[in-house]
There are 4 protein chains.
Amino acid sequence: MRRGAVYHGCLMAAAPKPIPPNQQQALVDRLIETCGGAYSPLTRRKYFISGPQWAAAYEGQALFHAPTRQPVNFEEVIRQYGRIGIGHWCTHDTDVIPTEALGKEEQARIVERIKNSLRENGLECSMVTRPRRSPVPVRCCCERCTFPSTRTCEADIEIAKQHGRPTLKHCLEAKPFEPQAEILLPTSDSMLAFIASGLLKHPEMVGLNPEYLHELMWGGAPRAALARALLAGKLFHFDINDGYRLKHDVDIGVGLVNPLDWLNVLVLLRSHDYNGPFNLDFKPPRTTSNHGVFAVSFPTAVDRFITLWEMAGDVVSDPVIKEATGALKSGGGPVDAHDAQAVAAANRELLTLHELIAHRIFQILIGAHRGRTYSL
Amino acid sequence: MRRGAVYHGCLMAAAPKPIPPNQQQALVDRLIETCGGAYSPLTRRKYFISGPQWAAAYEGQALFHAPTRQPVNFEEVIRQYGRIGIGHWCTHDTDVIPTEALGKEEQARIVERIKNSLRENGLECSMVTRPRRSPVPVRCCCERCTFPSTRTCEADIEIAKQHGRPTLKHCLEAKPFEPQAEILLPTSDSMLAFIASGLLKHPEMVGLNPEYLHELMWGGAPRAALARALLAGKLFHFDINDGYRLKHDVDIGVGLVNPLDWLNVLVLLRSHDYNGPFNLDFKPPRTTSNHGVFAVSFPTAVDRFITLWEMAGDVVSDPVIKEATGALKSGGGPVDAHDAQAVAAANRELLTLHELIAHRIFQILIGAHRGRTYSL
Amino acid sequence: MRRGAVYHGCLMAAAPKPIPPNQQQALVDRLIETCGGAYSPLTRRKYFISGPQWAAAYEGQALFHAPTRQPVNFEEVIRQYGRIGIGHWCTHDTDVIPTEALGKEEQARIVERIKNSLRENGLECSMVTRPRRSPVPVRCCCERCTFPSTRTCEADIEIAKQHGRPTLKHCLEAKPFEPQAEILLPTSDSMLAFIASGLLKHPEMVGLNPEYLHELMWGGAPRAALARALLAGKLFHFDINDGYRLKHDVDIGVGLVNPLDWLNVLVLLRSHDYNGPFNLDFKPPRTTSNHGVFAVSFPTAVDRFITLWEMAGDVVSDPVIKEATGALKSGGGPVDAHDAQAVAAANRELLTLHELIAHRIFQILIGAHRGRTYSL
Amino acid sequence: MRRGAVYHGCLMAAAPKPIPPNQQQALVDRLIETCGGAYSPLTRRKYFISGPQWAAAYEGQALFHAPTRQPVNFEEVIRQYGRIGIGHWCTHDTDVIPTEALGKEEQARIVERIKNSLRENGLECSMVTRPRRSPVPVRCCCERCTFPSTRTCEADIEIAKQHGRPTLKHCLEAKPFEPQAEILLPTSDSMLAFIASGLLKHPEMVGLNPEYLHELMWGGAPRAALARALLAGKLFHFDINDGYRLKHDVDIGVGLVNPLDWLNVLVLLRSHDYNGPFNLDFKPPRTTSNHGVFAVSFPTAVDRFITLWEMAGDVVSDPVIKEATGALKSGGGPVDAHDAQAVAAANRELLTLHELIAHRIFQILIGAHRGRTYSL
């Protein structure tokens with residue numbers, strides 16, 4: 001080992017000449033073209049994928065770090081989403097409406113502009129969210145939680161009646177570390193229990209918007225959390241991204257950290273007919289430029305999602321997995337279910353299939369089920 | 001969503017008839033054959049892979065859970081490793097020598113049997129380790145740490161002199177949670193600092209044996225920990241397995257949980273010429289049978305490792321990654337290094353390549369660089 | 001700083017002469033007497049504290065480590081609990097009945113012996129639990145979870161009818177890492193949601209037995225988890241111990257790691273009238289001898305609990321905390337609740353009381369509210 | 001249990017009348033006076049405590065949350081620190097010098113104002129730090145780490161020569177999650193190993209500035225990390241605060257979360273003669289007002305530190321702990337150190353003292369060693 005010569009994360013290569021700034025975008029465009037594997041905008045629009053205003057407009061600021069990108073308005077975001085093939089757009093109200101214009105006439109004018117933009121680019125608005133603007137807490141916790149939820153549902157019922165439209169789906173999103181780690185409703189599970197607690201007036205209108213990374217940040221297994229939400233019939237919306245378990249809220253693009261876990265998540269959702277939105281709630285990294293956001297970040301995130309979703313289809317229809325899971329379900333023969341030793345003996349060799357299935361899913365991830373191998 | 005109809009982790013399939021116990025091994029063998037992708041024993045032996053006695057002989061016991069497999073002696077383990085193509089074997093002394101026979105005549109007889117077994121099956125012994133047998137600590141910590149290390153080195157120097165052989169490499173292995181989480185040397189880094197502290201008499205003989213999962217269990221990034229060990233010239237041996245960050249010591253087979261992170265680890269090791277052993281320090285799951293241990297667990301673990309190692313070669317030689325990393329190294333032009341704004345402007349578009357590289361590595365993992373895609 | 005002279009966790013003292021084994025128990029007894037602060041057995045019995053058979057009989061074995069203590073039978077455990085003043089006893093069925101005797105005539109004989117022991121020592125049995133003995137899972141998860149729970153409830157209803165007694169409380173206890181970290185019902189919250197999911201036939205009979213450390217191991221805030229269980233009316237039983245967040249299941253005695261968090265937990269339980277059992281579900285450390293288990297481990301654990309419980313009473317009745325929480329509840333004056341800025345302005349200075357309360361609880365923990373201070 | 005009546009973290013009290021804004025500061029002042037236990041400014045100045053400019057001037061902003069406090073200039077911070085009795089002040093250069101004024105004439109004028117402020121209020125400057133202003137990384141990691149460290153040391157040597165003063169102590173501070181969790185030097189240990197790696201030109205000038213919470217956030221035991229830094233002779237500076245393991249960088253005031261762990265930390269530092277600064281690197285919570293920062297946050301943080309430091313003195317001099325640790329050091333008698341069973345037998349009962357010591361430290365924390373108890 002050459003001591004003192006570790007170059008972590010960057011491979012050795014003869015250093016070429018500096019690349020002048022005005023040639024850099026072209027280089028990025030050429031390399032992303034070389035990568036290949038892009039789906040057409042038309043194909044991308046077949047999936048219920050949404051792009052958030054805040055994700056594309058995020059300027060790269062961080063605690064102790066200044067922004068690295070220029071502001072982008074919603075017309076540009078919607079236009080770019082349309083071009084890429086992201087068929088849905090969502091937003092925080094204050095992403096697009098200045099706080100002081102909320103509820104005023106200006107709001108109506110902005111909403112009109114948004115509608116026009118969406119129509120021109122063939123997008124639909126899939127979701128609007130509002131950050132907590134409630135006064136700083138001086139009352140007790142459960143009152144604070146039940147009150148806004150009930151008030152919002154009742155307002156929706158009223159407006160829906162006026163407009164002759166169905167009521168909306170109302171989602172709670174777990175934010176485990178906000179404000180400071182030790183809160184009353186940190187996880188999707190705590191919210192499921194809260195919805196079922198009897199404290200809400202309209203629990204049937206309220207469900208969950210889990211975020212992959214929020215569950216992981218808390219230390220949970222996202223696919224298990226999703227399974228529990230499905231079990232309760234409460235998986236209404238799903239924020240997709242990636243990151244590290246029990247670390248910060250880094251909001252990396254889907255599939256860039258845990259692609260195998262993502263494959264398992266999508267197998268779960270495909271096989272249980274989840275048909276709600278997949279919302280690209282990630283942050284393009286600070287190192288990506290304004291150009292890169294729409295040239296690299298969003299198209300590659302969409303394409304990794306589509307690839308993993310289709311790969312989940314491979315898993316569901318794979319003959320090895322089908323036969324193995326079938327065998328595990330049928331078991332090893334009729335025995336007295338109360339005689340643990342007899343049950344173990346009847347299934348002993350069959351249970352090896354658990355490990356075989358895990359290996360098979362690895363193979364499907366890397367493409368070995370389609371013959372990928374190395375001749376050595 | 002069909003409420004109450006969640007089948008987490010197991011796909012729906014028409015339940016076939018029970019599979020009688022005497023047909024189950026054949027089913028497992030047929031399905032693993034169908035999986036394909038196995039390398040030949042000869043190919044497997046080209047890699048410096050070692051199989052531990054304890055891993056193959058582990059009987060599946062766990063806290064509150066009885067064993068699920070029968071005992072296996074070292075002759076059988078070595079024979080099976082030879083058949084599979086695992087060219088090296090390692091052991092704890094007490095895995096093969098009863099505690100009361102240590103240092104006695106019986107030990108010599110057993111060592112002779114081991115040598116014969118290894119010779120007959122074409123294996124070599126790559127490592128022997130001894131669990132802490134030191135008395136329960138009543139002295140202060142640093143004395144306890146320095147004393148055994150120095151004593152072992154000096155004994156080795158003496159024996160090496162007598163036999164005219166070079167001294168051995170002495171490795172410390174971090175076990176973050178043993179005995180109870182808050183210990184003096186929990187991680188590889190703490191051990192690196194300890195080796196360099198001036199307290200050891202022969203620091204040049206002492207290095208590290210990191211285990212992938214131990215670093216992850218502690219919350220670290222294994223590849224960063226390995227990079228630090230490489231930087232210090234102290235990566236002597238490497239235990240390979242998989243598992244979950246900040247959870248228990250589950251010792252899952254390599255690549256079954258974090259294949260992308262594993263790919264990155266192997267890119268680091270390949271590009272820095274690590275040439276020590278890769279030790280299969282995992283535990284076949286409790287659900288795997290004695291038959292399954294050698295029919296599924298070990299061959300698939302070896303093959304996933306080889307595939308990931310060769311895939312790391314794809315990463316190192318990939319033209320997109322080569323050009324992108326080269327461009328990042330050469331930068332965006334000559335600017336005054338003290339003028340942060342000028343430096344940022346000169347590199348702005350280039351830095352998008354970081355995200356592009358991350359996407360490219362995902363592509364190589366799933367085989368998109370060889371044309372894998374879905375037509376939709 | 002004297003380099004190389006760090007003695008972590010042990011203070012410097014002139015080394016006295018060795019203490020012969022036959023004088024060691026006397027030394028321990030004298031020092032625990034010197035510590036003082038012990039409550040009388042009569043006082044201890046006033047609290048609903050239970051001692052588990054398995055805790056006192058635990059022999060100190062660990063993964064890779066042999067037992068350090070001798071076996072203890074239930075007569076001895078019950079006798080010692082009686083002497084110390086632990087008024088309730090609980091057990092796993094297999095702690096006291098050999099697996100092969102379950103449901104056989106021998107079981108009745110053993111139960112009779114237990115009843116006699118309890119009567120003679122003035123204890124009552126507060127809880128019996130059975131480890132999972134169900135066959136290794138081959139069916140899908142939610143069936144497996146609902147089936148045993150429903151079956152157990154129905155059996156209880158039947159037996160209760162026969163004996164003219166009320167039905168029992170049935171508790172689920174979250175074990176986040178068993179078997180291997182990524183499970184369907186890892187936490188108390190996931191269980192709350194499961195109980196409310198509509199899948200159980202008798203949800204009103206089923207509640208929770210949270211364990212302090214299990215919540216902490218998972219990364220949660222135990223007092224928040226308990227608050228959620230209280231909110232759902234499902235806190236039936238509570239296992240008390242201590243340990244480290246996101247580390248192993250170390251089962252340390254209550255208050256030895258997180259006394260301030262424990263104080264907060266008990267303030268919550270006192271102020272919400274929890275009146276179920278506090279079960280001493282810890283493991284005397286491996287370094288403690290058989291003598292030490294009943295001379296040190298159990299009496300000191302009971303006494304720390306009682307002290308913290310009474311201290312929680314100090315918090316509840318403290319005039320500073322009463323006035324500060326009262327002021328926070330009343331707020332800073334009538335303002336339009338929709339005008340966030342006006343609300344903030346009206347409460348601005350009042351909110352400082354949050355930090356003041358945190359400091360006050362620290363003071364109560366260390367006894368500063370009773371005048372403890374240092375003159376310097 | 002009254003279902004639906006959980007008031008987490010706030011105790012029941014009859015709701016008094018609203019407190020008008022202009023009476024709120026007086027209420028806070030009266031209650032903090034009632035709390036008592038404050039040390040005099042003169043006593044506080046006896047300790048090597050420093051207050052950071054950034055901590056007092058922090059305006060309460062957070063990700064997604066606007067500031068809650070007004071800006072405070074350094075004259076006011078220094079004046080308040082002087083009044084409270086915090087004898088040292090430290091700063092980031094850019095906290096007090098606009099980035100564009102760095103190295104310009106304006107810098108000298110500001111430094112002159114700082115000197116005057118410090119002189120007038122009887123403070124000294126204990127430390128100046130500069131945030132990373134290096135260009136966005138395009139070069140390899142280890143070059144980036146070694147280069148600035150070596151350059152800074154050499155500049156210091158040069159300036160020290162010119163001014164005839166000794167060189168400064170140069171500290172590295174681990175920031176485990178910046179920028180995004182998986183970095184090359186995340187912990188104090190990785191930095192210790194780096195300093196000893198041979199890559200630095202002046203390793204003897206470079207040491208550590210660990211922060212209590214940064215070690216905890218990473219999952220480590222802060223006192224073990226500090227012990228390792230002491231072992232290497234590299235504990236130069238210590239940032240004191242509190243927070244939650246493996247959660248965000250919440251920077252809570254010292255002792256408000258983990259007072260027992262803090263007591264243990266200070267026992268370690270007292271008994272190893274650490275004499276560097278204790279830097280109050282916490283953030284007054286967002287709910288605390290400008291008035292509260294100097295009326296509550298800083299004085300109570302200082303007083304908790306002093307109390308815990310003196311309490312650590314109680315631990316060091318406690319007769320029970322002295323005798324128990326002495327007995328553990330002397331052990332149970334002369335035995336053959338190679339005969340593990342004999343060693344265990346000779347020390348068996350003595351080892352119970354480990355648990356007894358843990359209980360004793362709890363007692364000292366709560367004041368039981370001075371007779372605090374509850375008569376029941």
# chains A, B, ... in the order shown; residues from 1 in each chain; ligands from 1

call {"tool": "calpha_fit_rmsd", "arguments": {"fixed": "chain A", "moving": "chain C"}}
result
0.0 Å

call {"tool": "residues_around", "arguments": {"residues": "Leu266 (chain D)", "least_positions_apart": "2", "cutoff": "8 Å", "atoms": "only C-alpha atoms", "output": "list in words"}}
result
Trp262, Leu263, Asn264, Leu268, Leu269, Arg270, Leu308, Trp309 and Ala312 of chain D

call {"tool": "select_by_dssp", "arguments": {"residues": "region 86-208 of chain A", "states": "strand (DSSP E or B)", "output": "PDB file with C-alpha atoms, in the first residue's frame"}}
result
ATOM      1  CA  HIS A  88     -47.379  16.568 -11.861  1.00  0.00           C
ATOM      2  CA  TRP A  89     -46.302  19.553  -9.834  1.00  0.00           C
ATOM      3  CA  CYS A  90     -46.767  20.291  -6.142  1.00  0.00           C
ATOM      4  CA  THR A  91     -45.861  23.143  -3.829  1.00  0.00           C
ATOM      5  CA  HIS A  92     -45.932  24.749  -0.427  1.00  0.00           C
ATOM      6  CA  GLU A 124     -51.469  18.878 -13.159  1.00  0.00           C
ATOM      7  CA  CYS A 125     -51.156  20.019  -9.571  1.00  0.00           C
ATOM      8  CA  SER A 126     -51.145  16.935  -7.354  1.00  0.00           C
ATOM      9  CA  MET A 127     -50.728  18.438  -3.905  1.00  0.00           C
ATOM     10  CA  VAL A 128     -50.479  21.682  -1.972  1.00  0.00           C
ATOM     11  CA  THR A 129     -49.059  21.847   1.498  1.00  0.00           C
ATOM     12  CA  HIS A 170     -55.452  15.138   4.145  1.00  0.00           C
ATOM     13  CA  CYS A 171     -51.979  13.858   4.902  1.00  0.00           C
ATOM     14  CA  LEU A 172     -49.729  14.020   7.939  1.00  0.00           C
ATOM     15  CA  VAL A 206     -56.761  11.860   7.318  1.00  0.00           C
ATOM     16  CA  GLY A 207     -53.910   9.632   6.179  1.00  0.00           C
ATOM     17  CA  LEU A 208     -50.149   9.645   5.815  1.00  0.00           C
TER      18      LEU A 208
END

call {"tool": "residues_around", "arguments": {"residues": "region 94-98 of chain D", "least_positions_apart": "3", "cutoff": "8 Å", "atoms": "only C-alpha atoms", "output": "MDAnalysis selection string"}}
result
chainID D and resid 53:54 74 91 101:102 107 110 130

call {"tool": "closest_residue", "arguments": {"among": "C:Gly60, C:Pro285, C:Gly255, C:Pro52", "to": "Ile78 (chain C)", "atoms": "only C-alpha atoms"}}
result
C:Pro52

call {"tool": "closest_residue", "arguments": {"among": "B:Ile19, B:Leu226, B:Met217, B:Met311", "to": "chain C", "atoms": "only C-alpha atoms"}}
result
B:Met217
